[in-house]
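Enquirer: Dropping in model34.cif, which is mmCIF, C-alpha atoms:
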data_coords
#
loop_
_atom_site.group_PDB
_atom_site.id
_atom_site.type_symbol
_atom_site.label_atom_id
_atom_site.label_comp_id
_atom_site.auth_asym_id
_atom_site.auth_seq_id
_atom_site.Cartn_x
_atom_site.Cartn_y
_atom_site.Cartn_z
ATOM 1 C CA MET A 28 65.833 61.155 -84.652
ATOM 2 C CA GLU A 29 65.117 63.964 -82.236
ATOM 3 C CA GLY A 30 62.014 66.108 -82.028
ATOM 4 C CA GLU A 31 58.374 65.220 -82.382
ATOM 5 C CA THR A 32 58.184 65.182 -86.148
ATOM 6 C CA ASN A 33 58.141 61.976 -88.129
ATOM 7 C CA GLN A 34 60.354 61.734 -91.160
ATOM 8 C CA PRO A 35 58.339 63.146 -94.043
ATOM 9 C CA GLU A 36 58.162 61.306 -97.328
ATOM 10 C CA LEU A 37 58.748 63.161 -100.578
ATOM 11 C CA LYS A 38 56.592 62.800 -103.668
ATOM 12 C CA ILE A 39 58.514 62.665 -106.913
ATOM 13 C CA ILE A 40 56.690 65.057 -109.267
ATOM 14 C CA GLY A 41 58.749 64.444 -112.384
ATOM 15 C CA ILE A 42 62.072 63.497 -113.863
ATOM 16 C CA VAL A 43 64.942 65.111 -115.758
ATOM 17 C CA GLU A 44 65.687 64.222 -119.348
ATOM 18 C CA GLY A 45 69.144 65.566 -120.020
ATOM 19 C CA ASP A 46 72.517 64.735 -121.497
ATOM 20 C CA ILE A 47 74.560 64.566 -118.267
ATOM 21 C CA LEU A 48 74.989 60.824 -117.910
ATOM 22 C CA SER A 49 77.700 60.611 -115.254
ATOM 23 C CA LEU A 50 78.860 62.714 -112.323
ATOM 24 C CA GLY A 51 82.183 63.264 -114.124
ATOM 25 C CA ASP A 52 80.280 64.938 -116.944
ATOM 26 C CA ALA A 53 78.344 67.307 -114.645
ATOM 27 C CA PRO A 54 79.203 71.035 -114.575
ATOM 28 C CA LYS A 55 81.782 71.716 -111.878
ATOM 29 C CA GLY A 56 80.312 74.829 -110.317
ATOM 30 C CA TYR A 57 76.851 75.927 -109.341
ATOM 31 C CA GLY A 58 75.192 78.189 -111.876
ATOM 32 C CA GLU A 59 77.746 77.520 -114.600
ATOM 33 C CA SER A 60 75.640 75.337 -116.835
ATOM 34 C CA GLU A 61 74.082 76.277 -120.155
ATOM 35 C CA ARG A 62 72.959 72.688 -120.735
ATOM 36 C CA THR A 63 69.431 72.262 -122.006
ATOM 37 C CA GLY A 64 67.038 69.393 -121.434
ATOM 38 C CA TYR A 65 63.561 68.605 -120.233
ATOM 39 C CA LEU A 66 61.615 68.316 -117.014
ATOM 40 C CA GLU A 67 58.955 65.666 -117.568
ATOM 41 C CA ILE A 68 56.254 66.342 -114.984
ATOM 42 C CA PHE A 69 54.061 63.346 -114.155
ATOM 43 C CA ALA A 70 50.422 63.561 -115.267
ATOM 44 C CA GLU A 71 49.004 63.687 -111.746
ATOM 45 C CA PHE A 72 50.839 66.991 -111.077
ATOM 46 C CA HIS A 73 50.197 68.582 -114.487
ATOM 47 C CA GLU A 74 47.595 71.038 -113.153
ATOM 48 C CA GLY A 75 50.237 72.617 -110.918
ATOM 49 C CA LEU A 76 52.090 73.917 -113.995
ATOM 50 C CA ASP A 77 49.371 76.410 -114.939
ATOM 51 C CA GLY A 78 51.071 79.814 -115.066
ATOM 52 C CA VAL A 79 54.581 78.510 -115.768
ATOM 53 C CA GLU A 80 55.529 80.102 -119.082
ATOM 54 C CA ALA A 81 58.349 80.242 -121.617
ATOM 55 C CA GLY A 82 60.820 83.003 -120.843
ATOM 56 C CA GLN A 83 60.475 82.697 -117.063
ATOM 57 C CA THR A 84 63.274 81.733 -114.729
ATOM 58 C CA ILE A 85 62.036 79.116 -112.277
ATOM 59 C CA LEU A 86 63.456 77.651 -109.096
ATOM 60 C CA VAL A 87 63.592 73.870 -109.357
ATOM 61 C CA LEU A 88 64.232 71.468 -106.482
ATOM 62 C CA PHE A 89 65.775 68.115 -107.336
ATOM 63 C CA TRP A 90 66.347 64.980 -105.309
ATOM 64 C CA LEU A 91 70.017 64.234 -105.987
ATOM 65 C CA HIS A 92 69.504 60.501 -105.828
ATOM 66 C CA GLU A 93 73.149 59.535 -106.330
ATOM 67 C CA SER A 94 74.538 61.699 -103.503
ATOM 68 C CA SER A 95 75.734 60.374 -100.168
ATOM 69 C CA ARG A 96 73.550 61.286 -97.187
ATOM 70 C CA ASP A 97 76.048 60.307 -94.500
ATOM 71 C CA ILE A 98 78.890 62.778 -95.018
ATOM 72 C CA LEU A 99 78.898 66.047 -93.046
ATOM 73 C CA LYS A 100 82.281 67.471 -94.109
ATOM 74 C CA VAL A 101 83.632 67.992 -97.618
ATOM 75 C CA HIS A 102 86.513 69.664 -99.423
ATOM 76 C CA PRO A 103 84.741 72.410 -101.370
ATOM 77 C CA ARG A 104 85.615 72.866 -105.012
ATOM 78 C CA GLY A 105 87.673 75.806 -106.172
ATOM 79 C CA LYS A 106 88.773 76.970 -102.726
ATOM 80 C CA LYS A 107 92.441 77.856 -102.324
ATOM 81 C CA GLU A 108 92.493 76.478 -98.830
ATOM 82 C CA ASN A 109 91.437 72.901 -99.165
ATOM 83 C CA ARG A 110 90.388 72.289 -95.572
ATOM 84 C CA LEU A 111 87.265 70.304 -94.774
ATOM 85 C CA ARG A 112 84.098 72.312 -94.279
ATOM 86 C CA GLY A 113 80.669 71.474 -93.023
ATOM 87 C CA VAL A 114 78.306 70.657 -95.868
ATOM 88 C CA PHE A 115 75.845 73.323 -94.689
ATOM 89 C CA SER A 116 78.426 76.032 -95.560
ATOM 90 C CA THR A 117 78.722 74.700 -99.144
ATOM 91 C CA ARG A 118 76.631 73.818 -102.203
ATOM 92 C CA SER A 119 77.933 70.256 -102.234
ATOM 93 C CA PRO A 120 75.319 67.715 -103.373
ATOM 94 C CA VAL A 121 76.463 65.602 -100.428
ATOM 95 C CA ARG A 122 74.259 66.366 -97.378
ATOM 96 C CA PRO A 123 71.701 64.675 -95.117
ATOM 97 C CA ASN A 124 68.909 65.615 -97.532
ATOM 98 C CA PRO A 125 70.483 65.781 -100.997
ATOM 99 C CA ILE A 126 68.159 68.424 -102.411
ATOM 100 C CA GLY A 127 69.520 70.548 -105.240
ATOM 101 C CA VAL A 128 68.135 74.036 -105.858
ATOM 102 C CA SER A 129 68.678 75.355 -109.411
ATOM 103 C CA GLU A 130 67.509 78.381 -111.339
ATOM 104 C CA LEU A 131 66.462 77.258 -114.800
ATOM 105 C CA LYS A 132 65.226 79.234 -117.780
ATOM 106 C CA VAL A 133 62.043 77.938 -119.368
ATOM 107 C CA LEU A 134 62.625 77.749 -123.137
ATOM 108 C CA GLY A 135 59.252 76.235 -123.927
ATOM 109 C CA ILE A 136 56.424 74.072 -122.642
ATOM 110 C CA ASP A 137 54.723 71.197 -124.411
ATOM 111 C CA GLY A 138 51.988 69.802 -122.196
ATOM 112 C CA ASN A 139 53.735 68.441 -119.147
ATOM 113 C CA ARG A 140 57.243 68.689 -120.643
ATOM 114 C CA LEU A 141 59.267 71.785 -119.798
ATOM 115 C CA HIS A 142 62.197 72.570 -122.075
ATOM 116 C CA VAL A 143 64.756 74.220 -119.803
ATOM 117 C CA GLN A 144 68.237 75.713 -119.845
ATOM 118 C CA GLY A 145 70.789 75.640 -117.039
ATOM 119 C CA LEU A 146 70.633 71.968 -116.091
ATOM 120 C CA ASP A 147 73.468 70.776 -113.869
ATOM 121 C CA VAL A 148 72.023 67.476 -112.675
ATOM 122 C CA LEU A 149 72.120 63.936 -113.997
ATOM 123 C CA ASP A 150 69.709 62.540 -116.539
ATOM 124 C CA LYS A 151 66.830 60.826 -114.669
ATOM 125 C CA THR A 152 67.224 62.985 -111.550
ATOM 126 C CA PRO A 153 63.865 63.172 -109.730
ATOM 127 C CA VAL A 154 62.158 66.589 -109.609
ATOM 128 C CA ILE A 155 60.463 67.399 -106.301
ATOM 129 C CA ASP A 156 59.310 71.028 -106.638
ATOM 130 C CA ILE A 157 59.060 74.039 -108.934
ATOM 131 C CA LYS A 158 58.634 77.573 -107.588
ATOM 132 C CA LYS A 159 58.372 81.088 -108.902
ATOM 133 C CA LYS A 160 61.723 82.804 -108.682
ATOM 134 C CA ILE A 161 61.608 86.017 -106.647
ATOM 135 C CA MET B 16 53.582 57.003 -108.200
ATOM 136 C CA GLU B 17 55.152 56.881 -111.622
ATOM 137 C CA GLY B 18 58.799 56.355 -112.470
ATOM 138 C CA GLU B 19 61.301 53.962 -111.032
ATOM 139 C CA THR B 20 62.283 55.954 -107.960
ATOM 140 C CA ASN B 21 60.966 55.110 -104.524
ATOM 141 C CA GLN B 22 59.670 57.941 -102.403
ATOM 142 C CA PRO B 23 62.649 59.309 -100.497
ATOM 143 C CA GLU B 24 62.417 59.997 -96.784
ATOM 144 C CA LEU B 25 63.646 63.303 -95.389
ATOM 145 C CA LYS B 26 65.810 63.653 -92.302
ATOM 146 C CA ILE B 27 64.839 66.528 -90.035
ATOM 147 C CA ILE B 28 68.133 68.280 -89.172
ATOM 148 C CA GLY B 29 66.764 70.852 -86.756
ATOM 149 C CA ILE B 30 63.863 72.997 -85.705
ATOM 150 C CA VAL B 31 62.832 76.652 -85.706
ATOM 151 C CA GLU B 32 62.461 78.615 -82.489
ATOM 152 C CA GLY B 33 60.564 81.731 -83.424
ATOM 153 C CA ASP B 34 57.689 83.965 -82.479
ATOM 154 C CA ILE B 35 55.308 83.160 -85.335
ATOM 155 C CA LEU B 36 52.793 80.966 -83.564
ATOM 156 C CA SER B 37 49.957 80.828 -86.093
ATOM 157 C CA LEU B 38 49.598 81.041 -89.860
ATOM 158 C CA GLY B 39 47.611 84.282 -89.410
ATOM 159 C CA ASP B 40 50.647 85.821 -87.757
ATOM 160 C CA ALA B 41 53.061 84.829 -90.547
ATOM 161 C CA PRO B 42 54.427 87.506 -92.910
ATOM 162 C CA LYS B 43 52.195 87.828 -95.945
ATOM 163 C CA GLY B 44 54.802 87.984 -98.684
ATOM 164 C CA TYR B 45 57.979 86.107 -99.416
ATOM 165 C CA GLY B 46 61.106 87.983 -98.380
ATOM 166 C CA GLU B 47 59.246 90.569 -96.329
ATOM 167 C CA SER B 48 60.181 89.372 -92.878
ATOM 168 C CA GLU B 49 62.631 90.971 -90.472
ATOM 169 C CA ARG B 50 61.645 88.523 -87.719
ATOM 170 C CA THR B 51 64.493 87.019 -85.767
ATOM 171 C CA GLY B 52 64.702 83.654 -84.077
ATOM 172 C CA TYR B 53 66.810 80.532 -83.874
ATOM 173 C CA LEU B 54 67.550 77.435 -85.886
ATOM 174 C CA GLU B 55 68.327 74.686 -83.388
ATOM 175 C CA ILE B 56 70.348 72.092 -85.280
ATOM 176 C CA PHE B 57 70.277 68.593 -83.784
ATOM 177 C CA ALA B 58 73.544 67.326 -82.287
ATOM 178 C CA GLU B 59 74.041 64.585 -84.867
ATOM 179 C CA PHE B 60 74.281 67.202 -87.663
ATOM 180 C CA HIS B 61 76.361 69.748 -85.755
ATOM 181 C CA GLU B 62 79.567 68.995 -87.685
ATOM 182 C CA GLY B 63 77.893 70.126 -90.898
ATOM 183 C CA LEU B 64 77.744 73.699 -89.577
ATOM 184 C CA ASP B 65 81.509 74.205 -89.721
ATOM 185 C CA GLY B 66 82.084 77.275 -91.919
ATOM 186 C CA VAL B 67 78.670 78.863 -91.309
ATOM 187 C CA GLU B 68 79.464 82.251 -89.790
ATOM 188 C CA ALA B 69 77.790 85.372 -88.433
ATOM 189 C CA GLY B 70 77.198 87.951 -91.135
ATOM 190 C CA GLN B 71 76.535 85.399 -93.874
ATOM 191 C CA THR B 72 73.280 85.048 -95.742
ATOM 192 C CA ILE B 73 72.310 81.392 -95.935
ATOM 193 C CA LEU B 74 69.709 79.485 -97.896
ATOM 194 C CA VAL B 75 67.522 77.455 -95.551
ATOM 195 C CA LEU B 76 65.089 74.733 -96.583
ATOM 196 C CA PHE B 77 62.137 74.081 -94.288
ATOM 197 C CA TRP B 78 59.523 71.370 -94.221
ATOM 198 C CA LEU B 79 56.286 73.370 -93.984
ATOM 199 C CA HIS B 80 54.579 70.768 -91.867
ATOM 200 C CA GLU B 81 51.190 72.496 -91.655
ATOM 201 C CA SER B 82 50.740 72.947 -95.410
ATOM 202 C CA SER B 83 48.370 70.927 -97.533
ATOM 203 C CA ARG B 84 50.017 68.535 -99.997
ATOM 204 C CA ASP B 85 46.920 67.797 -102.053
ATOM 205 C CA ILE B 86 46.142 71.155 -103.644
ATOM 206 C CA LEU B 87 47.565 71.977 -107.095
ATOM 207 C CA LYS B 88 45.858 75.339 -107.735
ATOM 208 C CA VAL B 89 45.777 78.426 -105.531
ATOM 209 C CA HIS B 90 44.737 82.073 -105.654
ATOM 210 C CA PRO B 91 48.114 83.842 -105.326
ATOM 211 C CA ARG B 92 48.369 86.707 -102.856
ATOM 212 C CA GLY B 93 48.576 90.263 -104.055
ATOM 213 C CA LYS B 94 47.670 89.595 -107.678
ATOM 214 C CA LYS B 95 45.158 91.951 -109.263
ATOM 215 C CA GLU B 96 43.638 89.135 -111.253
ATOM 216 C CA ASN B 97 42.548 86.619 -108.727
ATOM 217 C CA ARG B 98 42.341 83.593 -110.995
ATOM 218 C CA LEU B 99 43.565 80.201 -109.854
ATOM 219 C CA ARG B 100 47.141 79.353 -110.754
ATOM 220 C CA GLY B 101 49.200 76.201 -110.577
ATOM 221 C CA VAL B 102 51.191 76.029 -107.365
ATOM 222 C CA PHE B 103 54.423 75.561 -109.354
ATOM 223 C CA SER B 104 54.041 79.112 -110.737
ATOM 224 C CA THR B 105 53.783 80.562 -107.191
ATOM 225 C CA ARG B 106 55.594 80.615 -103.834
ATOM 226 C CA SER B 107 52.550 79.235 -102.021
ATOM 227 C CA PRO B 108 53.446 76.909 -99.136
ATOM 228 C CA VAL B 109 50.758 74.594 -100.482
ATOM 229 C CA ARG B 110 52.347 72.083 -102.907
ATOM 230 C CA PRO B 111 52.995 68.330 -103.213
ATOM 231 C CA ASN B 112 56.262 68.708 -101.266
ATOM 232 C CA PRO B 113 55.779 71.688 -98.933
ATOM 233 C CA ILE B 114 59.416 72.777 -98.864
ATOM 234 C CA GLY B 115 60.067 76.442 -98.096
ATOM 235 C CA VAL B 116 63.264 78.098 -99.339
ATOM 236 C CA SER B 117 64.280 81.218 -97.385
ATOM 237 C CA GLU B 118 67.298 83.486 -97.353
ATOM 238 C CA LEU B 119 68.220 84.217 -93.751
ATOM 239 C CA LYS B 120 70.914 86.410 -92.279
ATOM 240 C CA VAL B 121 73.076 84.757 -89.627
ATOM 241 C CA LEU B 122 73.259 87.136 -86.654
ATOM 242 C CA GLY B 123 75.291 84.804 -84.474
ATOM 243 C CA ILE B 124 76.082 81.200 -83.679
ATOM 244 C CA ASP B 125 76.185 79.550 -80.284
ATOM 245 C CA GLY B 126 77.172 75.907 -80.688
ATOM 246 C CA ASN B 127 74.390 74.328 -82.685
ATOM 247 C CA ARG B 128 72.001 77.293 -82.326
ATOM 248 C CA LEU B 129 71.940 79.782 -85.202
ATOM 249 C CA HIS B 130 70.499 83.202 -84.432
ATOM 250 C CA VAL B 131 68.890 84.314 -87.698
ATOM 251 C CA GLN B 132 66.947 87.181 -89.226
ATOM 252 C CA GLY B 133 64.299 86.958 -91.933
ATOM 253 C CA LEU B 134 62.168 84.129 -90.546
ATOM 254 C CA ASP B 135 58.778 83.732 -92.182
ATOM 255 C CA VAL B 136 57.845 80.269 -90.948
ATOM 256 C CA LEU B 137 56.038 78.968 -87.889
ATOM 257 C CA ASP B 138 57.727 78.251 -84.575
ATOM 258 C CA LYS B 139 58.691 74.544 -84.496
ATOM 259 C CA THR B 140 58.963 74.250 -88.285
ATOM 260 C CA PRO B 141 61.399 71.431 -89.162
ATOM 261 C CA VAL B 142 64.639 72.460 -90.884
ATOM 262 C CA ILE B 143 65.797 70.081 -93.630
ATOM 263 C CA ASP B 144 68.826 71.793 -95.200
ATOM 264 C CA ILE B 145 71.177 74.774 -95.068
ATOM 265 C CA LYS B 146 73.229 75.873 -98.089
ATOM 266 C CA LYS B 147 75.669 78.577 -99.008
ATOM 267 C CA LYS B 148 73.888 81.359 -100.849
ATOM 268 C CA ILE B 149 75.357 82.047 -104.278
#
Before we go any further, please render this structure as structure tokens.

Expert:
Amino acid sequence: MEGETNQPELKIIGIVEGDILSLGDAPKGYGESERTGYLEIFAEFHEGLDGVEAGQTILVLFWLHESSRDILKVHPRGKKENRLRGVFSTRSPVRPNPIGVSELKVLGIDGNRLHVQGLDVLDKTPVIDIKKKI
Amino acid sequence: MEGETNQPELKIIGIVEGDILSLGDAPKGYGESERTGYLEIFAEFHEGLDGVEAGQTILVLFWLHESSRDILKVHPRGKKENRLRGVFSTRSPVRPNPIGVSELKVLGIDGNRLHVQGLDVLDKTPVIDIKKKI
């Protein structure tokens, strides 16, 4: 590792409850999913949800725990030319830090459970952040 | 920590070279910056940049290393009502995982140095991911 910074450790703030149980069952393109499910936010982070409301679109960051971290080139989906590209020019889940960024619609909130639409990640995927969408 | 997942460790893939040297000098609102600077990507991740080109807008994830990780409520900027809100309903850099998501314009590329516009983070901020913008 170069640079002065130590490797930071992520805190898992919650977990996905969804119906995508295998990578083969996951939506093939970014932003194509209408799948609904839940984000279960752990009790210690519950306070951070104040102001998140049904009807909003939120930006959710996931830790794509089943993705390889050691591959820097991929064949992107749906490209006519199938040459290898650097992962940083794609949305591939494969990358040194497999963080997924999704826009989800909040359908409802029940305590620390967010009912959401637009899920394209596996059941039990760790949630690492939620942000206001700009 | 709840759940079965261990706390994942991030890999720093590069570092910002910019002219924002203190938090007081940082742009006040998300998406308001025209500041230019560089993303210096470390040699071991260079291959991942293949396909990133001048003229593109890219999504860049930063590790906001000077932000507090222990605060769950903030007074958002620019709101008329100044009540405390949960960090997950804001774009505050303060949050359990202080990851910033910015859209930057690529002005040029020289090897593993990306010249970018739109920087709103401190000089020397660690870069953790680059994605295609959808």

Enquirer: With distances taken over all atoms listed in the file, which residue among A:Glu130, A:Asp156, A:Asp147, A:Asp137 lies nearest chain B?

Expert: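 For chain B, the nearest of the candidates is A:Asp156.
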
Enquirer: Taking all atoms listed in the file into account, what are the residues of chain B at most 9 Å from chain A, put as a CSV table (one decimal) with C-alpha atoms, in the coordinates of the input?

Expert:
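The resulting file, out_27.csv, is shown below:
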chain,number,residue,atom,x,y,z
B,16,MET,CA,53.6,57.0,-108.2
B,17,GLU,CA,55.2,56.9,-111.6
B,18,GLY,CA,58.8,56.4,-112.5
B,20,THR,CA,62.3,56.0,-108.0
B,21,ASN,CA,61.0,55.1,-104.5
B,22,GLN,CA,59.7,57.9,-102.4
B,23,PRO,CA,62.6,59.3,-100.5
B,24,GLU,CA,62.4,60.0,-96.8
B,25,LEU,CA,63.6,63.3,-95.4
B,26,LYS,CA,65.8,63.7,-92.3
B,27,ILE,CA,64.8,66.5,-90.0
B,28,ILE,CA,68.1,68.3,-89.2
B,29,GLY,CA,66.8,70.9,-86.8
B,30,ILE,CA,63.9,73.0,-85.7
B,45,TYR,CA,58.0,86.1,-99.4
B,46,GLY,CA,61.1,88.0,-98.4
B,57,PHE,CA,70.3,68.6,-83.8
B,59,GLU,CA,74.0,64.6,-84.9
B,60,PHE,CA,74.3,67.2,-87.7
B,61,HIS,CA,76.4,69.7,-85.8
B,62,GLU,CA,79.6,69.0,-87.7
B,63,GLY,CA,77.9,70.1,-90.9
B,64,LEU,CA,77.7,73.7,-89.6
B,65,ASP,CA,81.5,74.2,-89.7
B,66,GLY,CA,82.1,77.3,-91.9
B,67,VAL,CA,78.7,78.9,-91.3
B,68,GLU,CA,79.5,82.3,-89.8
B,73,ILE,CA,72.3,81.4,-95.9
B,78,TRP,CA,59.5,71.4,-94.2
B,80,HIS,CA,54.6,70.8,-91.9
B,86,ILE,CA,46.1,71.2,-103.6
B,87,LEU,CA,47.6,72.0,-107.1
B,88,LYS,CA,45.9,75.3,-107.7
B,99,LEU,CA,43.6,80.2,-109.9
B,100,ARG,CA,47.1,79.4,-110.8
B,101,GLY,CA,49.2,76.2,-110.6
B,102,VAL,CA,51.2,76.0,-107.4
B,103,PHE,CA,54.4,75.6,-109.4
B,104,SER,CA,54.0,79.1,-110.7
B,105,THR,CA,53.8,80.6,-107.2
B,106,ARG,CA,55.6,80.6,-103.8
B,107,SER,CA,52.6,79.2,-102.0
B,110,ARG,CA,52.3,72.1,-102.9
B,111,PRO,CA,53.0,68.3,-103.2
B,112,ASN,CA,56.3,68.7,-101.3
B,113,PRO,CA,55.8,71.7,-98.9
B,114,ILE,CA,59.4,72.8,-98.9
B,141,PRO,CA,61.4,71.4,-89.2
B,143,ILE,CA,65.8,70.1,-93.6
B,144,ASP,CA,68.8,71.8,-95.2
B,145,ILE,CA,71.2,74.8,-95.1
B,146,LYS,CA,73.2,75.9,-98.1
B,147,LYS,CA,75.7,78.6,-99.0
B,148,LYS,CA,73.9,81.4,-100.8
B,149,ILE,CA,75.4,82.0,-104.3

Enquirer: Superimpose chain A on chain B so that the squared distances between all in-order C-alpha pairs are minimised, and send the result as a short mmCIF file (atom, residue, chain, number, x, y, z; two decimals) with C-alpha atoms, keeping the file's coordinate frame.

Expert:
data_model
loop_
_atom_site.label_atom_id
_atom_site.label_comp_id
_atom_site.auth_asym_id
_atom_site.auth_seq_id
_atom_site.Cartn_x
_atom_site.Cartn_y
_atom_site.Cartn_z
CA MET A 28 53.62 56.94 -108.30
CA GLU A 29 55.28 56.83 -111.69
CA GLY A 30 58.93 56.25 -112.46
CA GLU A 31 61.43 53.88 -110.94
CA THR A 32 62.32 55.92 -107.89
CA ASN A 33 60.96 55.11 -104.47
CA GLN A 34 59.66 57.95 -102.37
CA PRO A 35 62.65 59.32 -100.49
CA GLU A 36 62.42 60.01 -96.79
CA LEU A 37 63.65 63.31 -95.40
CA LYS A 38 65.80 63.66 -92.30
CA ILE A 39 64.84 66.52 -90.04
CA ILE A 40 68.12 68.28 -89.18
CA GLY A 41 66.75 70.85 -86.77
CA ILE A 42 63.85 73.00 -85.72
CA VAL A 43 62.83 76.66 -85.72
CA GLU A 44 62.46 78.61 -82.51
CA GLY A 45 60.57 81.73 -83.44
CA ASP A 46 57.69 83.97 -82.47
CA ILE A 47 55.30 83.16 -85.34
CA LEU A 48 52.79 80.97 -83.56
CA SER A 49 49.96 80.83 -86.09
CA LEU A 50 49.61 81.06 -89.86
CA GLY A 51 47.61 84.28 -89.42
CA ASP A 52 50.65 85.83 -87.76
CA ALA A 53 53.06 84.84 -90.55
CA PRO A 54 54.45 87.51 -92.92
CA LYS A 55 52.21 87.81 -95.97
CA GLY A 56 54.82 87.95 -98.70
CA TYR A 57 58.02 86.11 -99.41
CA GLY A 58 61.13 87.98 -98.37
CA GLU A 59 59.26 90.58 -96.34
CA SER A 60 60.18 89.38 -92.89
CA GLU A 61 62.62 90.97 -90.48
CA ARG A 62 61.63 88.53 -87.73
CA THR A 63 64.49 87.03 -85.77
CA GLY A 64 64.69 83.65 -84.09
CA TYR A 65 66.80 80.54 -83.89
CA LEU A 66 67.55 77.43 -85.89
CA GLU A 67 68.31 74.68 -83.40
CA ILE A 68 70.34 72.08 -85.29
CA PHE A 69 70.26 68.59 -83.79
CA ALA A 70 73.53 67.32 -82.30
CA GLU A 71 74.03 64.58 -84.88
CA PHE A 72 74.27 67.19 -87.68
CA HIS A 73 76.36 69.74 -85.75
CA GLU A 74 79.56 68.98 -87.70
CA GLY A 75 77.87 70.12 -90.91
CA LEU A 76 77.73 73.70 -89.59
CA ASP A 77 81.50 74.21 -89.73
CA GLY A 78 82.07 77.27 -91.92
CA VAL A 79 78.66 78.86 -91.32
CA GLU A 80 79.46 82.24 -89.80
CA ALA A 81 77.78 85.36 -88.43
CA GLY A 82 77.19 87.95 -91.13
CA GLN A 83 76.53 85.40 -93.88
CA THR A 84 73.27 85.06 -95.75
CA ILE A 85 72.30 81.39 -95.94
CA LEU A 86 69.70 79.49 -97.91
CA VAL A 87 67.53 77.46 -95.56
CA LEU A 88 65.09 74.73 -96.59
CA PHE A 89 62.14 74.08 -94.29
CA TRP A 90 59.52 71.37 -94.21
CA LEU A 91 56.29 73.37 -93.98
CA HIS A 92 54.58 70.76 -91.86
CA GLU A 93 51.21 72.52 -91.64
CA SER A 94 50.73 72.96 -95.41
CA SER A 95 48.36 70.93 -97.53
CA ARG A 96 50.02 68.54 -99.98
CA ASP A 97 46.92 67.81 -102.06
CA ILE A 98 46.13 71.18 -103.64
CA LEU A 99 47.55 72.00 -107.08
CA LYS A 100 45.85 75.36 -107.73
CA VAL A 101 45.76 78.44 -105.52
CA HIS A 102 44.75 82.09 -105.63
CA PRO A 103 48.10 83.85 -105.30
CA ARG A 104 48.39 86.70 -102.85
CA GLY A 105 48.62 90.28 -104.03
CA LYS A 106 47.69 89.61 -107.66
CA LYS A 107 45.16 91.96 -109.22
CA GLU A 108 43.64 89.17 -111.21
CA ASN A 109 42.55 86.63 -108.68
CA ARG A 110 42.33 83.61 -110.97
CA LEU A 111 43.56 80.22 -109.84
CA ARG A 112 47.13 79.36 -110.75
CA GLY A 113 49.16 76.22 -110.57
CA VAL A 114 51.18 76.04 -107.37
CA PHE A 115 54.41 75.58 -109.34
CA SER A 116 54.03 79.14 -110.73
CA THR A 117 53.77 80.57 -107.18
CA ARG A 118 55.57 80.63 -103.82
CA SER A 119 52.54 79.25 -102.01
CA PRO A 120 53.45 76.92 -99.12
CA VAL A 121 50.75 74.61 -100.48
CA ARG A 122 52.33 72.08 -102.89
CA PRO A 123 52.99 68.34 -103.20
CA ASN A 124 56.24 68.72 -101.26
CA PRO A 125 55.77 71.69 -98.93
CA ILE A 126 59.40 72.78 -98.86
CA GLY A 127 60.07 76.43 -98.10
CA VAL A 128 63.26 78.09 -99.34
CA SER A 129 64.28 81.22 -97.39
CA GLU A 130 67.30 83.48 -97.36
CA LEU A 131 68.22 84.21 -93.76
CA LYS A 132 70.92 86.41 -92.28
CA VAL A 133 73.07 84.77 -89.64
CA LEU A 134 73.26 87.14 -86.65
CA GLY A 135 75.28 84.80 -84.48
CA ILE A 136 76.08 81.19 -83.69
CA ASP A 137 76.19 79.53 -80.29
CA GLY A 138 77.16 75.90 -80.70
CA ASN A 139 74.38 74.31 -82.69
CA ARG A 140 72.00 77.29 -82.35
CA LEU A 141 71.94 79.78 -85.20
CA HIS A 142 70.49 83.20 -84.44
CA VAL A 143 68.90 84.32 -87.70
CA GLN A 144 66.94 87.18 -89.23
CA GLY A 145 64.28 86.96 -91.92
CA LEU A 146 62.16 84.13 -90.53
CA ASP A 147 58.77 83.73 -92.18
CA VAL A 148 57.84 80.27 -90.94
CA LEU A 149 56.05 78.97 -87.88
CA ASP A 150 57.72 78.24 -84.58
CA LYS A 151 58.69 74.53 -84.50
CA THR A 152 58.95 74.25 -88.29
CA PRO A 153 61.39 71.44 -89.17
CA VAL A 154 64.65 72.45 -90.88
CA ILE A 155 65.80 70.09 -93.63
CA ASP A 156 68.83 71.80 -95.22
CA ILE A 157 71.18 74.78 -95.08
CA LYS A 158 73.23 75.87 -98.09
CA LYS A 159 75.67 78.58 -99.01
CA LYS A 160 73.89 81.36 -100.85
CA ILE A 161 75.37 82.04 -104.28
#

Enquirer: Using all atoms listed in the file, can you tell me which of B:Asn127, B:Gly133, B:Asp34, B:Asp138 comes closest to Glu81 (chain B)?

Expert: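 When distances to Glu81 (chain B) are compared using all atoms listed in the file, the smallest one comes from B:Asp138.
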
Enquirer: Find the residues around Gly123 (chain B) up to 9 Å (only C-alpha atoms counted), leave out those fewer than 5 positions away in its own chain, and share them as an mmCIF file with C-alpha atoms, keeping the file's coordinate frame.

Expert:
data_model
loop_
_atom_site.group_PDB
_atom_site.id
_atom_site.type_symbol
_atom_site.label_atom_id
_atom_site.label_comp_id
_atom_site.auth_asym_id
_atom_site.auth_seq_id
_atom_site.Cartn_x
_atom_site.Cartn_y
_atom_site.Cartn_z
ATOM 1 C CA GLU B 68 79.464 82.251 -89.790
ATOM 2 C CA ALA B 69 77.790 85.372 -88.433
ATOM 3 C CA GLY B 70 77.198 87.951 -91.135
ATOM 4 C CA ARG B 128 72.001 77.293 -82.326
ATOM 5 C CA LEU B 129 71.940 79.782 -85.202
ATOM 6 C CA HIS B 130 70.499 83.202 -84.432
ATOM 7 C CA VAL B 131 68.890 84.314 -87.698
#

Enquirer: Please identify all polymer residues within 7 Å of Ile35 (chain B), counting all atoms listed in the file, omitting same-chain residues fewer than 2 positions from it, and present them as a list in words.

Expert: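 After dropping sequence-adjacent residues, the list is Gly33, Ser37, Asp40, Ala41, Val136, Leu137 and Asp138 of chain B.
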